[in-house]
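The next block is protein.txt, given as compact mmCIF, C-alpha atoms and all ligand atoms.
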```
# COMPACT_ATOMS: atom_id res chain seq x y z
CA MET A 1 -8.95 219.63 112.22
CA ILE A 2 -7.50 222.72 110.59
CA GLN A 3 -3.70 222.71 110.82
CA PRO A 4 -1.58 225.68 111.98
CA LYS A 5 1.32 227.05 109.91
CA PRO A 6 3.75 224.18 109.25
CA ASN A 7 6.69 226.12 110.69
CA ILE A 8 5.15 226.30 114.16
CA VAL A 9 4.03 222.67 114.46
CA HIS A 10 7.32 221.55 116.03
CA LEU A 11 7.85 224.58 118.25
CA PRO A 12 7.95 223.83 121.98
CA VAL A 13 5.81 225.78 124.41
CA TYR A 14 8.07 227.93 126.61
CA GLN A 15 9.13 226.12 129.78
CA PRO A 16 9.48 228.73 132.50
CA GLY A 17 11.34 228.45 135.77
CA LYS A 18 9.14 226.51 138.19
CA PRO A 19 6.65 228.77 140.00
CA ILE A 20 7.20 229.03 143.75
CA GLU A 21 3.62 228.02 144.57
CA GLU A 22 3.90 224.80 142.54
CA VAL A 23 7.15 223.74 144.18
CA LYS A 24 5.78 224.40 147.66
CA ARG A 25 2.78 222.24 146.95
CA GLU A 26 4.71 219.40 145.30
CA LEU A 27 7.46 219.12 147.89
CA GLY A 28 5.58 220.27 150.98
CA LEU A 29 8.22 222.97 151.58
CA GLU A 30 7.53 226.07 153.65
CA ARG A 31 10.25 228.33 152.35
CA ILE A 32 11.27 228.52 148.71
CA VAL A 33 13.94 230.72 147.20
CA LYS A 34 13.57 231.24 143.47
CA LEU A 35 16.86 232.03 141.79
CA ALA A 36 15.69 230.86 138.37
CA SER A 37 14.34 233.77 136.36
CA ASN A 38 16.73 236.67 137.04
CA GLU A 39 14.08 238.56 138.95
CA ASN A 40 15.05 241.35 141.33
CA PRO A 41 15.30 239.91 144.87
CA PHE A 42 14.55 243.38 146.25
CA GLY A 43 11.26 243.74 144.38
CA CYS A 44 10.43 247.11 142.86
CA PRO A 45 10.69 250.67 144.22
CA PRO A 46 7.85 251.34 146.72
CA ALA A 47 6.79 254.35 144.64
CA ALA A 48 6.30 252.07 141.63
CA LYS A 49 4.02 249.81 143.63
CA ALA A 50 2.06 252.82 144.92
CA ALA A 51 1.70 254.23 141.40
CA ALA A 52 0.47 250.88 140.11
CA MET A 53 -2.10 250.56 142.91
CA GLU A 54 -3.37 254.05 142.29
CA GLU A 55 -3.69 253.48 138.55
CA LEU A 56 -5.85 250.41 139.15
CA ALA A 57 -8.66 252.90 139.72
CA ASN A 58 -8.56 253.43 135.93
CA ALA A 59 -8.52 249.73 135.06
CA GLY A 60 -11.68 250.18 133.03
CA LEU A 61 -10.01 252.56 130.60
CA TYR A 62 -7.79 251.55 127.70
CA PRO A 63 -4.18 252.68 128.03
CA ASP A 64 -2.44 255.23 125.84
CA GLY A 65 -0.98 252.78 123.35
CA SER A 66 1.96 255.04 122.60
CA ALA A 67 2.72 255.54 126.33
CA ALA A 68 3.40 259.24 125.79
CA GLU A 69 4.07 260.18 129.42
CA LEU A 70 6.52 257.33 129.98
CA ARG A 71 8.02 257.85 126.53
CA ASP A 72 8.82 261.50 127.27
CA ALA A 73 10.38 260.70 130.64
CA LEU A 74 12.39 257.80 129.22
CA ALA A 75 13.54 259.80 126.19
CA ALA A 76 14.80 262.55 128.51
CA HIS A 77 16.47 260.00 130.78
CA LEU A 78 18.24 258.31 127.86
CA GLY A 79 18.95 261.46 125.87
CA VAL A 80 17.15 260.21 122.76
CA ASP A 81 14.13 261.38 120.80
CA GLY A 82 10.71 260.01 121.76
CA GLY A 83 10.35 258.68 118.22
CA GLN A 84 13.29 256.37 118.82
CA ILE A 85 11.49 254.32 121.47
CA ILE A 86 9.04 251.46 121.03
CA PHE A 87 7.38 249.88 124.07
CA GLY A 88 6.39 246.25 124.35
CA ALA A 89 4.74 243.94 126.84
CA GLY A 90 8.22 243.14 128.03
CA ALA A 91 11.28 243.24 125.77
CA ASP A 92 9.97 239.81 124.75
CA GLU A 93 7.21 241.47 122.79
CA VAL A 94 9.66 243.84 121.13
CA ILE A 95 11.58 240.76 119.95
CA LEU A 96 8.33 239.35 118.60
CA MET A 97 7.49 242.61 116.81
CA ILE A 98 10.98 242.90 115.28
CA ALA A 99 10.67 239.36 113.92
CA ARG A 100 7.22 240.14 112.63
CA ALA A 101 8.27 243.39 110.97
CA TYR A 102 11.54 242.22 109.44
CA LEU A 103 11.57 238.44 108.87
CA ARG A 104 9.90 236.71 105.94
CA PRO A 105 9.89 232.97 105.18
CA GLY A 106 13.26 232.14 103.68
CA ASP A 107 15.09 235.11 105.19
CA GLU A 108 18.10 234.26 107.30
CA THR A 109 18.72 235.44 110.83
CA VAL A 110 21.99 234.96 112.73
CA MET A 111 22.32 234.42 116.48
CA ALA A 112 24.44 232.59 119.02
CA ARG A 113 23.56 228.93 119.51
CA ASP A 114 23.29 229.22 123.28
CA THR A 115 21.47 232.45 123.92
CA PHE A 116 18.08 233.84 124.86
CA GLY A 117 15.51 231.49 123.34
CA GLN A 118 13.02 234.09 122.14
CA TYR A 119 15.09 235.15 119.10
CA LYS A 120 15.01 231.68 117.61
CA HIS A 121 11.42 231.07 118.64
CA ASN A 122 10.03 234.20 117.02
CA ALA A 123 12.20 233.82 113.91
CA ALA A 124 10.86 230.30 113.51
CA VAL A 125 7.27 231.53 113.83
CA GLU A 126 7.92 233.84 110.88
CA GLY A 127 9.43 230.98 108.87
CA ALA A 128 12.92 232.48 108.76
CA ALA A 129 16.00 230.26 108.58
CA VAL A 130 17.85 230.42 111.88
CA VAL A 131 21.64 230.36 111.60
CA GLU A 132 23.21 229.51 114.97
CA VAL A 133 26.84 230.20 115.82
CA PRO A 134 28.51 228.47 118.79
CA LEU A 135 29.70 230.64 121.65
CA ARG A 136 33.43 230.91 122.28
CA ASP A 137 34.33 230.62 125.98
CA GLY A 138 30.68 231.38 126.71
CA LYS A 139 30.88 234.60 124.68
CA HIS A 140 29.33 235.65 121.39
CA ASP A 141 31.82 234.91 118.60
CA LEU A 142 31.18 238.05 116.59
CA GLN A 143 33.73 237.20 113.89
CA ALA A 144 32.12 233.81 113.30
CA MET A 145 28.70 235.49 113.30
CA LEU A 146 29.87 238.02 110.73
CA ASP A 147 31.13 235.15 108.57
CA GLU A 148 27.58 233.73 108.54
CA VAL A 149 26.00 236.93 107.21
CA THR A 150 24.87 236.48 103.60
CA ASP A 151 22.75 238.55 101.24
CA LYS A 152 19.74 236.72 102.73
CA THR A 153 20.51 237.83 106.29
CA ARG A 154 18.02 240.35 107.64
CA VAL A 155 18.51 240.37 111.41
CA VAL A 156 21.44 239.56 113.71
CA TRP A 157 20.81 239.12 117.45
CA ILE A 158 23.45 239.87 120.09
CA CYS A 159 22.54 239.25 123.72
CA ASN A 160 24.76 241.35 125.98
CA PRO A 161 25.18 240.22 128.76
CA ASN A 162 24.36 236.89 127.19
CA ASN A 163 21.58 234.94 128.83
CA PRO A 164 22.35 232.22 130.01
CA THR A 165 26.16 232.55 130.25
CA GLY A 166 26.31 236.10 131.66
CA THR A 167 29.29 237.09 129.48
CA ILE A 168 29.65 240.32 127.52
CA VAL A 169 31.14 241.49 124.26
CA THR A 170 32.92 244.84 124.55
CA HIS A 171 32.21 248.23 123.01
CA LYS A 172 35.15 247.84 120.61
CA GLU A 173 33.97 244.40 119.51
CA VAL A 174 30.40 245.50 118.87
CA GLU A 175 31.55 248.67 117.13
CA ALA A 176 33.86 246.67 114.84
CA PHE A 177 31.03 244.25 114.08
CA LEU A 178 28.63 247.07 113.21
CA GLY A 179 31.27 248.71 111.04
CA ARG A 180 31.59 245.58 108.94
CA VAL A 181 28.08 244.15 108.74
CA GLY A 182 25.98 245.62 105.93
CA GLU A 183 23.71 248.58 106.62
CA ASP A 184 20.81 246.51 105.30
CA VAL A 185 21.14 244.06 108.20
CA LEU A 186 19.28 244.94 111.39
CA VAL A 187 21.44 244.31 114.46
CA VAL A 188 19.53 243.79 117.70
CA LEU A 189 21.62 244.36 120.82
CA ASP A 190 19.68 242.94 123.76
CA GLU A 191 20.68 244.91 126.86
CA ALA A 192 18.08 243.54 129.28
CA TYR A 193 20.72 243.51 132.04
CA SER A 194 22.66 246.64 131.05
CA GLU A 195 21.86 248.51 134.29
CA TYR A 196 23.72 245.84 136.26
CA VAL A 197 26.94 245.99 134.25
CA MET A 198 29.82 247.79 135.95
CA THR A 199 32.73 247.25 133.58
CA PRO A 200 33.83 250.30 131.54
CA ASP A 201 34.34 248.32 128.32
CA TYR A 202 30.64 247.44 128.19
CA PRO A 203 29.17 248.94 125.00
CA ASP A 204 27.71 252.41 125.15
CA GLY A 205 24.71 251.35 123.11
CA LEU A 206 23.27 254.85 122.90
CA SER A 207 26.42 256.27 121.31
CA LEU A 208 26.54 253.33 118.87
CA LEU A 209 22.95 254.20 117.88
CA ARG A 210 24.12 257.60 116.70
CA GLN A 211 26.68 255.92 114.44
CA PHE A 212 24.65 253.00 113.15
CA PRO A 213 21.02 253.45 112.00
CA ASN A 214 20.64 249.66 111.62
CA LEU A 215 21.10 249.07 115.37
CA VAL A 216 18.25 248.45 117.81
CA LEU A 217 18.78 248.24 121.58
CA LEU A 218 16.46 246.24 123.83
CA ARG A 219 15.93 247.18 127.46
CA THR A 220 13.36 246.25 130.09
CA PHE A 221 11.68 247.22 133.34
CA SER A 222 11.57 243.52 134.30
CA LYS A 223 15.05 243.14 135.69
CA ILE A 224 16.73 245.87 137.76
CA TYR A 225 13.45 247.86 138.06
CA GLY A 226 11.73 244.79 139.48
CA LEU A 227 8.53 244.94 137.40
CA ALA A 228 8.68 241.58 135.59
CA SER A 229 5.05 240.78 136.26
CA LEU A 230 3.71 244.01 134.77
CA ARG A 231 5.28 243.27 131.37
CA ILE A 232 6.92 246.40 130.07
CA GLY A 233 10.14 246.74 128.09
CA TYR A 234 11.32 248.77 125.13
CA GLY A 235 13.45 249.04 122.05
CA ILE A 236 15.53 252.07 121.04
CA GLY A 237 16.48 252.63 117.43
CA HIS A 238 16.43 254.85 114.39
CA PRO A 239 13.01 256.53 113.99
CA ASP A 240 12.45 254.71 110.66
CA VAL A 241 13.12 251.33 112.28
CA VAL A 242 10.93 252.20 115.25
CA ARG A 243 8.15 253.29 112.88
CA ALA A 244 8.28 249.91 111.10
CA ILE A 245 8.12 248.02 114.40
CA ASN A 246 5.26 250.27 115.50
CA GLN A 247 3.28 249.18 112.46
CA VAL A 248 2.98 245.64 113.81
CA ARG A 249 2.45 246.67 117.45
CA PRO A 250 -0.90 245.67 118.95
CA PRO A 251 -2.71 248.94 119.76
CA PHE A 252 -2.87 248.58 123.55
CA ASN A 253 0.14 246.36 124.21
CA THR A 254 1.29 247.91 127.49
CA THR A 255 -1.10 248.57 130.34
CA ARG A 256 -1.82 251.78 132.25
CA VAL A 257 -0.62 250.11 135.43
CA ALA A 258 2.68 249.06 133.85
CA GLN A 259 3.26 252.51 132.34
CA LYS A 260 2.67 254.31 135.64
CA ALA A 261 4.78 251.84 137.61
CA ALA A 262 7.62 252.10 135.08
CA LEU A 263 7.51 255.89 135.23
CA ALA A 264 7.81 255.86 139.01
CA ALA A 265 10.52 253.18 138.94
CA LEU A 266 12.54 255.16 136.41
CA GLN A 267 12.60 258.11 138.78
CA ASP A 268 13.91 256.17 141.77
CA ARG A 269 17.60 256.30 140.86
CA ALA A 270 18.64 255.46 144.43
CA PHE A 271 16.79 252.14 144.21
CA VAL A 272 18.51 251.23 140.95
CA GLU A 273 21.92 252.18 142.33
CA ARG A 274 21.36 250.15 145.50
CA CYS A 275 20.31 247.08 143.49
CA ARG A 276 23.38 247.48 141.28
CA GLN A 277 25.69 247.61 144.28
CA LEU A 278 24.07 244.71 146.12
CA ASN A 279 24.11 242.66 142.92
CA ALA A 280 27.82 243.36 142.41
CA GLU A 281 28.49 242.24 145.98
CA GLY A 282 26.40 239.12 145.39
CA LEU A 283 28.27 238.28 142.18
CA GLN A 284 31.57 238.71 143.95
CA TYR A 285 30.45 236.49 146.83
CA LEU A 286 29.17 233.73 144.53
CA ALA A 287 32.30 233.84 142.37
CA GLY A 288 34.47 233.57 145.48
CA GLU A 289 32.49 230.61 146.77
CA PHE A 290 32.59 228.82 143.41
CA ARG A 291 36.37 229.29 143.38
CA ARG A 292 36.60 227.87 146.88
CA LEU A 293 34.52 224.86 145.78
CA GLY A 294 36.65 224.41 142.63
CA LEU A 295 33.72 224.99 140.27
CA PRO A 296 34.41 226.72 136.93
CA PHE A 297 32.07 229.56 136.03
CA TYR A 298 31.69 232.15 133.29
CA PRO A 299 32.57 235.75 134.14
CA ALA A 300 29.18 237.22 135.01
CA TYR A 301 28.08 240.79 134.28
CA GLY A 302 24.32 240.63 134.78
CA ASN A 303 22.33 239.47 137.81
CA PHE A 304 22.96 235.77 137.24
CA ILE A 305 25.91 233.42 136.94
CA MET A 306 26.43 230.10 135.19
CA VAL A 307 28.51 227.61 137.11
CA ASP A 308 29.72 224.15 136.10
CA THR A 309 28.91 221.75 138.91
CA GLY A 310 30.55 218.74 137.28
CA ARG A 311 27.35 216.76 137.91
CA PRO A 312 24.35 216.26 135.59
CA SER A 313 22.44 219.51 135.72
CA ALA A 314 19.06 217.75 136.01
CA ASP A 315 20.28 215.98 139.18
CA VAL A 316 21.72 219.15 140.69
CA PHE A 317 18.52 221.01 139.85
CA ALA A 318 16.35 218.35 141.50
CA ALA A 319 18.54 218.09 144.60
CA LEU A 320 18.58 221.88 145.07
CA LEU A 321 14.82 221.96 144.60
CA ARG A 322 14.37 219.50 147.46
CA LYS A 323 16.28 221.96 149.60
CA GLY A 324 14.01 224.79 148.54
CA TYR A 325 16.22 226.47 145.91
CA ILE A 326 14.94 226.85 142.35
CA VAL A 327 17.66 227.44 139.75
CA ARG A 328 17.78 226.80 135.99
CA ALA A 329 19.35 223.57 134.78
CA GLY A 330 21.95 224.10 132.04
CA HIS A 331 20.69 221.26 129.83
CA GLN A 332 17.44 223.22 129.38
CA LEU A 333 19.26 226.40 128.40
CA GLY A 334 21.60 225.05 125.74
CA ASN A 335 24.67 222.90 125.58
CA PHE A 336 25.47 223.00 129.31
CA PRO A 337 24.90 219.44 130.56
CA THR A 338 26.59 219.92 133.94
CA SER A 339 25.96 223.61 134.62
CA ILE A 340 23.27 225.57 136.41
CA ARG A 341 22.31 229.21 136.02
CA VAL A 342 21.63 230.94 139.31
CA THR A 343 20.19 234.40 139.82
CA VAL A 344 21.98 236.63 142.32
CA GLY A 345 19.68 236.89 145.33
CA SER A 346 19.83 238.86 148.55
CA ARG A 347 22.86 238.21 150.73
CA GLU A 348 20.91 235.78 152.89
CA GLN A 349 19.57 233.94 149.82
CA ASN A 350 23.04 233.69 148.29
CA GLU A 351 24.52 232.29 151.49
CA GLY A 352 21.68 229.79 151.85
CA PHE A 353 22.11 228.74 148.25
CA ILE A 354 25.82 228.08 148.71
CA ARG A 355 25.14 225.96 151.82
CA ALA A 356 22.54 223.97 149.88
CA LEU A 357 24.87 223.60 146.90
CA GLU A 358 27.69 222.27 149.09
CA ASP A 359 25.37 219.60 150.49
CA VAL A 360 24.16 218.73 146.99
CA LEU A 361 27.69 218.46 145.58
CA ALA A 362 28.67 216.11 148.40
CA SER A 363 25.64 213.92 147.71
CA LEU A 364 26.07 213.62 143.93
CA ARG A 365 28.86 211.78 142.17
CA VAL A 366 31.07 213.77 139.81
CA ASN A 367 30.23 213.22 136.16
CA VAL A 368 33.16 211.63 134.31
C1 LIG B 1 14.57 238.82 130.73
C2 LIG B 1 15.10 239.06 129.36
C3 LIG B 1 14.42 239.79 128.39
C4 LIG B 1 13.08 240.39 128.47
O1 LIG B 1 12.33 240.25 129.52
P1 LIG B 1 10.90 240.98 129.51
O2 LIG B 1 10.38 240.59 130.83
O3 LIG B 1 10.12 240.42 128.37
O4 LIG B 1 11.16 242.44 129.36
C5 LIG B 1 15.01 240.01 127.18
N1 LIG B 1 16.21 239.52 126.91
C6 LIG B 1 16.90 238.81 127.79
C7 LIG B 1 18.23 238.33 127.43
C8 LIG B 1 16.36 238.53 129.03
O5 LIG B 1 17.05 237.78 129.89
```

Here is a file; write its structure as structure tokens.
Amino acid sequence: MIQPKPNIVHLPVYQPGKPIEEVKRELGLERIVKLASNENPFGCPPAAKAAAMEELANAGLYPDGSAAELRDALAAHLGVDGGQIIFGAGADEVILMIARAYLRPGDETVMARDTFGQYKHNAAVEGAAVVEVPLRDGKHDLQAMLDEVTDKTRVVWICNPNNPTGTIVTHKEVEAFLGRVGEDVLVVLDEAYSEYVMTPDYPDGLSLLRQFPNLVLLRTFSKIYGLASLRIGYGIGHPDVVRAINQVRPPFNTTRVAQKAALAALQDRAFVERCRQLNAEGLQYLAGEFRRLGLPFYPAYGNFIMVDTGRPSADVFAALLRKGYIVRAGHQLGNFPTSIRVTVGSREQNEGFIRALEDVLASLRVNV
């Protein structure tokens, strides 16, 4: 049989959070709460759903590959030029296109060791050498990452808030990093959760873009806008960088339905603000409960939180699953053998999760 490229032979197929339907079937459970994939527990704005339904009437027509209508609205919303935006089938596809446009076999690319898996995956597909830098207290260690930049380094990835730990690096830290890394290194700042972040020292990515032409921001409609299933996200960067990424973009990579839904979602600012507020309340509640239970956790800025249960994460995962709660086990997300990552749900979901977690903790022996 013909063999694929040698550099992809050992790549794992992505293991997603368990689908609700599958868990229901396997465990015979009626009610399942999925807090595993950082989805919006409040769904999407009703106007986005209506726009998507209406656009289905045009399902037989190819989309506008450049997404001009959405591009114009988004450019105005962000205060950037339309030529600075590239859309993807999720930010995931923008990551893929950046790797495709910028990474050759033998190039080096620097990232945190425990971060969003798609950077490493797509770099490996292109045959680039992945240089991984351990987190420090769950945070990107930007100094250590800078120390790993060589004349072979082409792309550096910074996930902010970092998935899976939920931590951030500050505006000052990112600005200092950009000021010192060479202009010939592309720096990707993944801000998939930026709309959730409340702290004032979170980077103002758009102002950094004006200072640093080698910076690309990643954003998405999958998280706070609640459109994960429709697959639409985007990158923002210098027009020359965006042009290069555009050259490897599949011609019809985002659908009509996704574009129309995203446009409507973008316009519902009240929905976004409500989700932000409810998420902040949820984070505060979960943090308070983890403190009460004596469980260490990383300071969380997105819509998820990583908590150390002190028990093997596979056991905690399985026990929570039996109670109808799907989370992500830390051992699958990096070097977190006793942690779980839990998405902030609705108030009722969060309270149910804590009750289930208390039962699970009592039933499992502490790992020593
Ligand atoms: C969810 C997520 C994305 C992208 O999600 P899409 O659905 O592909 O837009 C990108 N980066 C991080 C860190 C994420 O958690």

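Compared by their closest atoms to ligand LIG 1 (chain B), and using only C-alpha atoms and all ligand atoms, the residues A:Pro63, A:Gly43, A:Gly233, A:Pro105 rank with A:Gly233 nearest.
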
- [ ] Please check which residues have atoms at most 6 Å from (19.3, 229.1, 116.0) in the file's coordinates, counting all atoms listed in the file, and write them as a ChimeraX atom specification.
- [x] /A:113,120,130-132

Let's have the selection written as a compact mmCIF listing (two decimals), in the frame of the given file, with C-alpha atoms.
```
# COMPACT_ATOMS: atom_id res chain seq x y z
CA ARG A 113 23.56 228.93 119.51
CA LYS A 120 15.01 231.68 117.61
CA VAL A 130 17.85 230.42 111.88
CA VAL A 131 21.64 230.36 111.60
CA GLU A 132 23.21 229.51 114.97
```

Dump as a tab-separated table the rows for residues of region 295-344 of chain A within 8 Å of region 1-24 of chain A: closest atom pair and distance in Å with one decimal, only C-alpha atoms counted, ordered by chain and rising residue number.
```
residue	atom	partner	partner_atom	distance
A:Leu321	CA	A:Val23	CA	7.9
A:Ile326	CA	A:Lys18	CA	7.1
A:Val327	CA	A:Gly17	CA	7.5
A:Arg328	CA	A:Gly17	CA	6.7
```

- Message: For a cutoff of 8 Å around the file-coordinate point (28.4, 232.4, 128.1), which residues qualify once you count only C-alpha atoms? I'd like the result as a list of chain:residue names.
- Response: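 Here is the list of nearby residues: A:Asp114, A:Leu135, A:Arg136, A:Asp137, A:Gly138, A:Lys139, A:His140, A:Asn162, A:Asn163, A:Pro164, A:Thr165, A:Gly166, A:Thr167, A:Tyr298, A:Met306.
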
Which residues are close to Thr150 (chain A), i.e. within 12 Å by all atoms listed in the file, leaving aside same-chain residues fewer than 5 positions away? Reply as a PDB file with C-alpha atoms, in the frame of the given file.
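So the final result, stored in part_8.pdb, reads:
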```pdb
ATOM      1  CA  ASP A 107      15.090 235.110 105.190  1.00  0.00           C
ATOM      2  CA  GLU A 108      18.100 234.260 107.300  1.00  0.00           C
ATOM      3  CA  THR A 109      18.720 235.440 110.830  1.00  0.00           C
ATOM      4  CA  VAL A 110      21.990 234.960 112.730  1.00  0.00           C
ATOM      5  CA  ALA A 129      16.000 230.260 108.580  1.00  0.00           C
ATOM      6  CA  VAL A 131      21.640 230.360 111.600  1.00  0.00           C
ATOM      7  CA  MET A 145      28.700 235.490 113.300  1.00  0.00           C
ATOM      8  CA  VAL A 155      18.510 240.370 111.410  1.00  0.00           C
ATOM      9  CA  VAL A 156      21.440 239.560 113.710  1.00  0.00           C
ATOM     10  CA  VAL A 181      28.080 244.150 108.740  1.00  0.00           C
ATOM     11  CA  GLY A 182      25.980 245.620 105.930  1.00  0.00           C
ATOM     12  CA  ASP A 184      20.810 246.510 105.300  1.00  0.00           C
ATOM     13  CA  VAL A 185      21.140 244.060 108.200  1.00  0.00           C
TER      14      VAL A 185
END
```

_ligand LIG 1 (chain B) neighbours within 8 Å using only C-alpha atoms and all ligand atoms, as a ChimeraX atom specification_ = /A:37-38,88-93,115-116,118,159-164,190-193,218-223,228-229,231-234

Would you put the residues from that selection into a file with C-alpha atoms, as a PDB file, keeping the file's coordinate frame?
```pdb
ATOM      1  CA  SER A  37      14.340 233.770 136.360  1.00  0.00           C
ATOM      2  CA  ASN A  38      16.730 236.670 137.040  1.00  0.00           C
ATOM      3  CA  GLY A  88       6.390 246.250 124.350  1.00  0.00           C
ATOM      4  CA  ALA A  89       4.740 243.940 126.840  1.00  0.00           C
ATOM      5  CA  GLY A  90       8.220 243.140 128.030  1.00  0.00           C
ATOM      6  CA  ALA A  91      11.280 243.240 125.770  1.00  0.00           C
ATOM      7  CA  ASP A  92       9.970 239.810 124.750  1.00  0.00           C
ATOM      8  CA  GLU A  93       7.210 241.470 122.790  1.00  0.00           C
ATOM      9  CA  THR A 115      21.470 232.450 123.920  1.00  0.00           C
ATOM     10  CA  PHE A 116      18.080 233.840 124.860  1.00  0.00           C
ATOM     11  CA  GLN A 118      13.020 234.090 122.140  1.00  0.00           C
ATOM     12  CA  CYS A 159      22.540 239.250 123.720  1.00  0.00           C
ATOM     13  CA  ASN A 160      24.760 241.350 125.980  1.00  0.00           C
ATOM     14  CA  PRO A 161      25.180 240.220 128.760  1.00  0.00           C
ATOM     15  CA  ASN A 162      24.360 236.890 127.190  1.00  0.00           C
ATOM     16  CA  ASN A 163      21.580 234.940 128.830  1.00  0.00           C
ATOM     17  CA  PRO A 164      22.350 232.220 130.010  1.00  0.00           C
ATOM     18  CA  ASP A 190      19.680 242.940 123.760  1.00  0.00           C
ATOM     19  CA  GLU A 191      20.680 244.910 126.860  1.00  0.00           C
ATOM     20  CA  ALA A 192      18.080 243.540 129.280  1.00  0.00           C
ATOM     21  CA  TYR A 193      20.720 243.510 132.040  1.00  0.00           C
ATOM     22  CA  LEU A 218      16.460 246.240 123.830  1.00  0.00           C
ATOM     23  CA  ARG A 219      15.930 247.180 127.460  1.00  0.00           C
ATOM     24  CA  THR A 220      13.360 246.250 130.090  1.00  0.00           C
ATOM     25  CA  PHE A 221      11.680 247.220 133.340  1.00  0.00           C
ATOM     26  CA  SER A 222      11.570 243.520 134.300  1.00  0.00           C
ATOM     27  CA  LYS A 223      15.050 243.140 135.690  1.00  0.00           C
ATOM     28  CA  ALA A 228       8.680 241.580 135.590  1.00  0.00           C
ATOM     29  CA  SER A 229       5.050 240.780 136.260  1.00  0.00           C
ATOM     30  CA  ARG A 231       5.280 243.270 131.370  1.00  0.00           C
ATOM     31  CA  ILE A 232       6.920 246.400 130.070  1.00  0.00           C
ATOM     32  CA  GLY A 233      10.140 246.740 128.090  1.00  0.00           C
ATOM     33  CA  TYR A 234      11.320 248.770 125.130  1.00  0.00           C
TER      34      TYR A 234
END
```

Glu39 (chain A) proximity check over A:Asp201, A:Gly226, A:Ala52, A:Ala329, using all atoms listed in the file: winner is A:Gly226

Contacts of Val197 (chain A) within 10 Å, all atoms listed in the file, excl. fewer than 5 positions in-chain, as a PDB file with C-alpha atoms, keeping the file's coordinate frame:
```pdb
ATOM      1  CA  ASN A 160      24.760 241.350 125.980  1.00  0.00           C
ATOM      2  CA  PRO A 161      25.180 240.220 128.760  1.00  0.00           C
ATOM      3  CA  ILE A 168      29.650 240.320 127.520  1.00  0.00           C
ATOM      4  CA  GLU A 191      20.680 244.910 126.860  1.00  0.00           C
ATOM      5  CA  TYR A 202      30.640 247.440 128.190  1.00  0.00           C
ATOM      6  CA  PRO A 203      29.170 248.940 125.000  1.00  0.00           C
ATOM      7  CA  ARG A 276      23.380 247.480 141.280  1.00  0.00           C
ATOM      8  CA  ASN A 279      24.110 242.660 142.920  1.00  0.00           C
ATOM      9  CA  ALA A 280      27.820 243.360 142.410  1.00  0.00           C
ATOM     10  CA  ALA A 300      29.180 237.220 135.010  1.00  0.00           C
ATOM     11  CA  TYR A 301      28.080 240.790 134.280  1.00  0.00           C
ATOM     12  CA  GLY A 302      24.320 240.630 134.780  1.00  0.00           C
ATOM     13  CA  ASN A 303      22.330 239.470 137.810  1.00  0.00           C
TER      14      ASN A 303
END
```

Open item on the list: From the options A:Gly345, A:Leu357, A:Gly117, A:Thr254, which residue's atoms come nearest to Gln332 (chain A), counting all atoms listed in the file?
Closed with: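 Using all atoms listed in the file, the shortest distance to Gln332 (chain A) belongs to A:Gly117.
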
Near-Gly310 (chain A) list (7 Å; all atoms listed in the file; drop same-chain fewer than 2 positions) as a ChimeraX atom specification: /A:308,312,338,366-367

The centre and edge lengths of an axis-aligned box containing all atoms of region 302-305 of chain A present in the file, extended by 6 Å on each side, are to be given in Å to one decimal, as JSON.
```
{"center_x": 24.1, "center_y": 237.0, "center_z": 136.3, "size_x": 15.6, "size_y": 19.2, "size_z": 15.0}
```

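Comparing A:Gly127, A:Gly79, A:Gly330, A:Gly294 by their smallest distance to Leu206 (chain A), the closest is A:Gly79 (using all atoms listed in the file).
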
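By all atoms listed in the file, and with residues fewer than 5 positions from Val360 (chain A) along its chain excluded, the set lying at most 8 Å from it is A:Val316, A:Ala319, A:Leu320.
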
Taking C-alpha atoms for each residue, export the selection above as a PDB file, keeping the file's coordinate frame.
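Saved file selection.pdb follows:
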```pdb
ATOM      1  CA  VAL A 316      21.720 219.150 140.690  1.00  0.00           C
ATOM      2  CA  ALA A 319      18.540 218.090 144.600  1.00  0.00           C
ATOM      3  CA  LEU A 320      18.580 221.880 145.070  1.00  0.00           C
TER       4      LEU A 320
END
```

CA of Ile245 (chain A) to CA of Ile86 (chain A) measures 7.5 Å

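The gap separating CA of Tyr119 (chain A) from CA of Tyr102 (chain A) is 12.5 Å, in Å to one decimal.
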
Practice prompt. Find the residue from A:Arg355, A:Arg322, A:Lys49, A:Arg249 that sits nearest to Ile95 (chain A); use only C-alpha atoms when measuring.
Written response: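 Going through A:Arg355, A:Arg322, A:Lys49, A:Arg249 one by one, the smallest distance to Ile95 (chain A) is for A:Arg249.
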
Please rebuild region 64-68 of chain A with N, CA and C atoms and return the result as a short mmCIF file (atom, residue, chain, number, x, y, z; two decimals), in the frame of the given file.
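After the write, result_25.cif holds the following:
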```cif
data_model
loop_
_atom_site.label_atom_id
_atom_site.label_comp_id
_atom_site.auth_asym_id
_atom_site.auth_seq_id
_atom_site.Cartn_x
_atom_site.Cartn_y
_atom_site.Cartn_z
N ASP A 64 -3.00 254.51 126.98
CA ASP A 64 -2.44 255.23 125.84
C ASP A 64 -1.45 254.28 125.18
N GLY A 65 -1.81 253.78 124.02
CA GLY A 65 -0.98 252.78 123.35
C GLY A 65 0.43 253.26 123.08
N SER A 66 0.61 254.54 122.90
CA SER A 66 1.96 255.04 122.60
C SER A 66 2.73 255.38 123.88
N ALA A 67 2.06 255.32 125.02
CA ALA A 67 2.72 255.54 126.33
C ALA A 67 3.45 256.87 126.36
N ALA A 68 2.75 257.93 125.99
CA ALA A 68 3.40 259.24 125.79
C ALA A 68 4.12 259.75 127.04
#
```
